[in-house]
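Q: The structure under discussion is supplied below as structure tokens; questions concerning it will follow.
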Amino acid sequence: MHFLDITRETCPMTFVKVKLQLARIPTGQELEIILNEGEPLENVPRSCEEQGYQILSVEACGDGDGKHRIIVKK
Amino acid sequence: MSDHKKISIVCFSGDFDKIVAAYTIATGAAATNREVTMFFTFWGLNALKKKQGHSWLGKDFLSRMFNFLMGGLRSLPLSRLNFGGISPKLMTGMMKKNNVATLPELIEAADALGIRVYACEMAMQILGVEKDDLVDSVQEVVGVATFLNESEDAHVIFI
């Protein structure tokens, strides 16, 4: 499982970091992404699915600060 | 790629803030599965010069004067409140402080994402700028016909 935290990134680097990281990992492997609610949570999973990747899970994590964990399978 | 959404950005302005906007849209679009082309013309060409400061590029007196006065990426002025060139440096400091990608970081991301960069043949002719004067990420020097062909089924954004 690969890991990426984009909670400290702002637009457009949130999307850029995810795209570049997914490009680096081999097909079939999974990437765990920690992201903030709002724009990243709404659009990162959608953009991954558009690229043909599978969203395995989306769940809130942290202490109610809006952080979420998603698992993407390439 | 599952689909072919395309964006073409005409980078006409050489203002720091507008170039930041162009690269923000470009990298955001490329990262969200769009095919992106950036077409740099007129003042926008300044952002592509290898020499990022003020240098005497050009073939004749006027073009050399223009290029020297305009400079390159490090000399791009803010479109408002430039204050003799200090504001873009202050703005970069504010961007860093707020975790926003700086212009060099955006350009690096654009390269990594494989964004196509074209330079305008006509504007280069007027300003006496050669392809060798521009950064290696410039794939081709093209005219308006190529740009239009490339943008046939794309959203075109003019900055």
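Residues are referred to by chain and number: the chain letter is A, B, ... according to the order shown in the structure tokens, the number counts from 1 in that chain, and ligands are numbered separately from 1 in the order shown.
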What are the DSSP helix (DSSP H, G or I) residues of region 44-143 of chain B, as number ranges by chain?
A: B: 44-48, 61-70, 73-75, 83-97, 103-112, 121-127, 131-133
Q: Include N, CA and C atoms and write out the residues we just selected as a short mmCIF file (atom, residue, chain, number, x, y, z; two decimals), in the first residue's frame.
A:
data_model
loop_
_atom_site.label_atom_id
_atom_site.label_comp_id
_atom_site.auth_asym_id
_atom_site.auth_seq_id
_atom_site.Cartn_x
_atom_site.Cartn_y
_atom_site.Cartn_z
N GLY B 44 3.67 36.83 -23.09
CA GLY B 44 3.73 35.51 -22.45
C GLY B 44 5.05 34.80 -22.71
N LEU B 45 5.67 35.11 -23.87
CA LEU B 45 6.95 34.47 -24.20
C LEU B 45 8.02 34.73 -23.14
N ASN B 46 7.90 35.85 -22.44
CA ASN B 46 8.90 36.17 -21.41
C ASN B 46 9.04 35.06 -20.38
N ALA B 47 7.92 34.38 -20.11
CA ALA B 47 7.92 33.32 -19.09
C ALA B 47 8.70 32.10 -19.56
N LEU B 48 8.98 32.03 -20.87
CA LEU B 48 9.64 30.84 -21.41
C LEU B 48 11.13 31.05 -21.68
N PHE B 61 18.43 46.65 -32.65
CA PHE B 61 18.41 47.53 -31.49
C PHE B 61 17.09 47.49 -30.73
N LEU B 62 15.97 47.62 -31.48
CA LEU B 62 14.67 47.69 -30.80
C LEU B 62 14.29 46.39 -30.10
N SER B 63 14.51 45.26 -30.79
CA SER B 63 14.14 43.99 -30.15
C SER B 63 15.04 43.74 -28.93
N ARG B 64 16.30 44.14 -29.01
CA ARG B 64 17.20 43.95 -27.86
C ARG B 64 16.76 44.83 -26.68
N MET B 65 16.32 46.04 -27.01
CA MET B 65 15.82 46.94 -25.96
C MET B 65 14.57 46.35 -25.29
N PHE B 66 13.64 45.91 -26.16
CA PHE B 66 12.39 45.33 -25.64
C PHE B 66 12.68 44.15 -24.71
N ASN B 67 13.53 43.23 -25.19
CA ASN B 67 13.81 42.03 -24.41
C ASN B 67 14.54 42.35 -23.11
N PHE B 68 15.43 43.33 -23.19
CA PHE B 68 16.16 43.70 -21.98
C PHE B 68 15.19 44.29 -20.95
N LEU B 69 14.33 45.19 -21.40
CA LEU B 69 13.41 45.85 -20.47
C LEU B 69 12.38 44.88 -19.89
N MET B 70 11.93 43.93 -20.73
CA MET B 70 10.90 42.99 -20.25
C MET B 70 11.49 41.91 -19.34
N LEU B 73 11.39 35.14 -16.66
CA LEU B 73 10.49 34.65 -15.61
C LEU B 73 10.68 35.36 -14.27
N ARG B 74 11.94 35.66 -13.93
CA ARG B 74 12.20 36.29 -12.63
C ARG B 74 11.83 37.77 -12.62
N SER B 75 11.55 38.32 -13.81
CA SER B 75 11.26 39.75 -13.88
C SER B 75 9.81 40.04 -14.23
N PHE B 83 5.01 47.98 -7.87
CA PHE B 83 6.01 48.70 -7.06
C PHE B 83 7.44 48.38 -7.47
N GLY B 84 7.70 48.63 -8.75
CA GLY B 84 9.07 48.48 -9.25
C GLY B 84 9.60 47.06 -9.20
N GLY B 85 8.72 46.08 -9.16
CA GLY B 85 9.17 44.69 -9.22
C GLY B 85 9.29 44.01 -7.87
N ILE B 86 9.02 44.72 -6.79
CA ILE B 86 9.16 44.11 -5.47
C ILE B 86 7.94 43.21 -5.15
N SER B 87 6.77 43.59 -5.71
CA SER B 87 5.54 42.87 -5.35
C SER B 87 5.53 41.38 -5.72
N PRO B 88 6.04 40.99 -6.92
CA PRO B 88 6.04 39.55 -7.21
C PRO B 88 6.84 38.75 -6.18
N LYS B 89 7.91 39.35 -5.65
CA LYS B 89 8.71 38.65 -4.63
C LYS B 89 7.93 38.55 -3.33
N LEU B 90 7.23 39.64 -2.98
CA LEU B 90 6.39 39.60 -1.77
C LEU B 90 5.27 38.58 -1.93
N MET B 91 4.69 38.57 -3.13
CA MET B 91 3.59 37.65 -3.41
C MET B 91 4.06 36.20 -3.31
N THR B 92 5.27 35.92 -3.83
CA THR B 92 5.82 34.56 -3.75
C THR B 92 6.00 34.15 -2.29
N GLY B 93 6.45 35.11 -1.45
CA GLY B 93 6.59 34.85 -0.02
C GLY B 93 5.25 34.52 0.61
N MET B 94 4.20 35.27 0.21
CA MET B 94 2.86 35.02 0.75
C MET B 94 2.34 33.66 0.29
N MET B 95 2.67 33.30 -0.96
CA MET B 95 2.22 32.00 -1.48
C MET B 95 2.84 30.87 -0.68
N LYS B 96 4.17 31.00 -0.42
CA LYS B 96 4.87 29.96 0.34
C LYS B 96 4.28 29.85 1.75
N LYS B 97 4.06 31.01 2.37
CA LYS B 97 3.55 31.04 3.73
C LYS B 97 2.19 30.32 3.83
N LEU B 103 5.32 29.86 -8.53
CA LEU B 103 5.35 29.74 -10.00
C LEU B 103 6.37 28.68 -10.47
N PRO B 104 7.61 28.66 -9.94
CA PRO B 104 8.54 27.60 -10.37
C PRO B 104 8.01 26.19 -10.07
N GLU B 105 7.31 26.04 -8.94
CA GLU B 105 6.75 24.72 -8.61
C GLU B 105 5.64 24.34 -9.59
N LEU B 106 4.82 25.32 -9.97
CA LEU B 106 3.75 25.05 -10.94
C LEU B 106 4.34 24.66 -12.29
N ILE B 107 5.41 25.34 -12.68
CA ILE B 107 6.04 25.05 -13.98
C ILE B 107 6.64 23.64 -13.96
N GLU B 108 7.26 23.30 -12.84
CA GLU B 108 7.82 21.95 -12.69
C GLU B 108 6.71 20.90 -12.78
N ALA B 109 5.57 21.20 -12.13
CA ALA B 109 4.44 20.27 -12.18
C ALA B 109 3.92 20.14 -13.61
N ALA B 110 3.87 21.26 -14.32
CA ALA B 110 3.38 21.24 -15.71
C ALA B 110 4.27 20.33 -16.56
N ASP B 111 5.60 20.41 -16.34
CA ASP B 111 6.53 19.53 -17.07
C ASP B 111 6.27 18.07 -16.72
N ALA B 112 6.11 17.82 -15.41
CA ALA B 112 5.92 16.43 -14.95
C ALA B 112 4.62 15.84 -15.49
N GLU B 121 5.22 31.62 -33.33
CA GLU B 121 6.24 31.94 -34.32
C GLU B 121 6.28 33.44 -34.63
N MET B 122 5.09 34.02 -34.81
CA MET B 122 5.04 35.43 -35.21
C MET B 122 5.58 36.36 -34.13
N ALA B 123 5.16 36.11 -32.89
CA ALA B 123 5.63 36.96 -31.79
C ALA B 123 7.15 36.83 -31.62
N MET B 124 7.65 35.60 -31.82
CA MET B 124 9.10 35.39 -31.70
C MET B 124 9.84 36.15 -32.79
N GLN B 125 9.24 36.17 -33.97
CA GLN B 125 9.84 36.90 -35.10
C GLN B 125 9.93 38.39 -34.77
N ILE B 126 8.84 38.94 -34.27
CA ILE B 126 8.81 40.37 -33.95
C ILE B 126 9.84 40.71 -32.88
N LEU B 127 9.92 39.87 -31.86
CA LEU B 127 10.79 40.17 -30.72
C LEU B 127 12.22 39.64 -30.92
N LYS B 131 14.25 29.82 -30.99
CA LYS B 131 13.84 28.67 -30.16
C LYS B 131 14.92 28.34 -29.11
N ASP B 132 16.19 28.53 -29.50
CA ASP B 132 17.29 28.24 -28.55
C ASP B 132 17.28 29.18 -27.34
N ASP B 133 16.59 30.32 -27.48
CA ASP B 133 16.51 31.26 -26.35
C ASP B 133 15.46 30.81 -25.33
#
Q: Determine which residues of chain A sit within 10 Å of chain B, taking into account only C-alpha atoms, and present them as a ChimeraX atom specification.
A: /A:8-20,23,43-44,46-52
Q: Quick one: everything within 10 Å of Ala60 (chain A), counting only C-alpha atoms, minus sequence neighbours fewer than 4 positions away in the same chain. Send it as JSON, numbers by chain.
A: {"A": [34, 35, 36, 37, 64, 65, 66, 67, 68, 69, 70]}
Q: Find the residues near Ile55 (chain A): any atom within 7 Å, counting only C-alpha atoms, skip ones fewer than 3 places away on the same chain, and give them as a tab-separated table (two decimals) with N, CA and C atoms, in the first residue's frame.
A:
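Done, and the output landed in around19.tsv:
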chain	number	residue	atom	x	y	z
A	45	PRO	N	-11.59	11.84	-5.65
A	45	PRO	CA	-12.11	10.51	-6.01
A	45	PRO	C	-12.71	10.48	-7.42
A	49	GLU	N	-11.57	8.14	-10.59
A	49	GLU	CA	-12.48	7.24	-11.30
A	49	GLU	C	-12.51	7.54	-12.79
A	71	ILE	N	-9.01	5.08	-0.31
A	71	ILE	CA	-8.12	4.06	-0.87
A	71	ILE	C	-8.44	3.93	-2.36
A	72	VAL	N	-7.41	4.12	-3.17
A	72	VAL	CA	-7.58	4.04	-4.63
A	72	VAL	C	-6.79	2.85	-5.16
A	73	LYS	N	-7.41	2.06	-6.00
A	73	LYS	CA	-6.68	0.95	-6.63
A	73	LYS	C	-6.39	1.32	-8.08
Q: Could you tell me how far CA of Trp43 (chain B) lies from CA of His4 (chain B), in Å and to one decimal?
A: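 CA of Trp43 (chain B) sits 29.8 Å away from CA of His4 (chain B).
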Q: Extract the full set of strand (DSSP E) residues from region 8-66 of chain A according to DSSP on the backbone, and format it as a PyMOL selection string.
A: chain A and resi 30-36+54-60
Q: For Lys59 (chain B), which of B:Ile159, B:Ala145, B:Val129, B:Val20 is the closest residue, counting only C-alpha atoms?
A: B:Val129
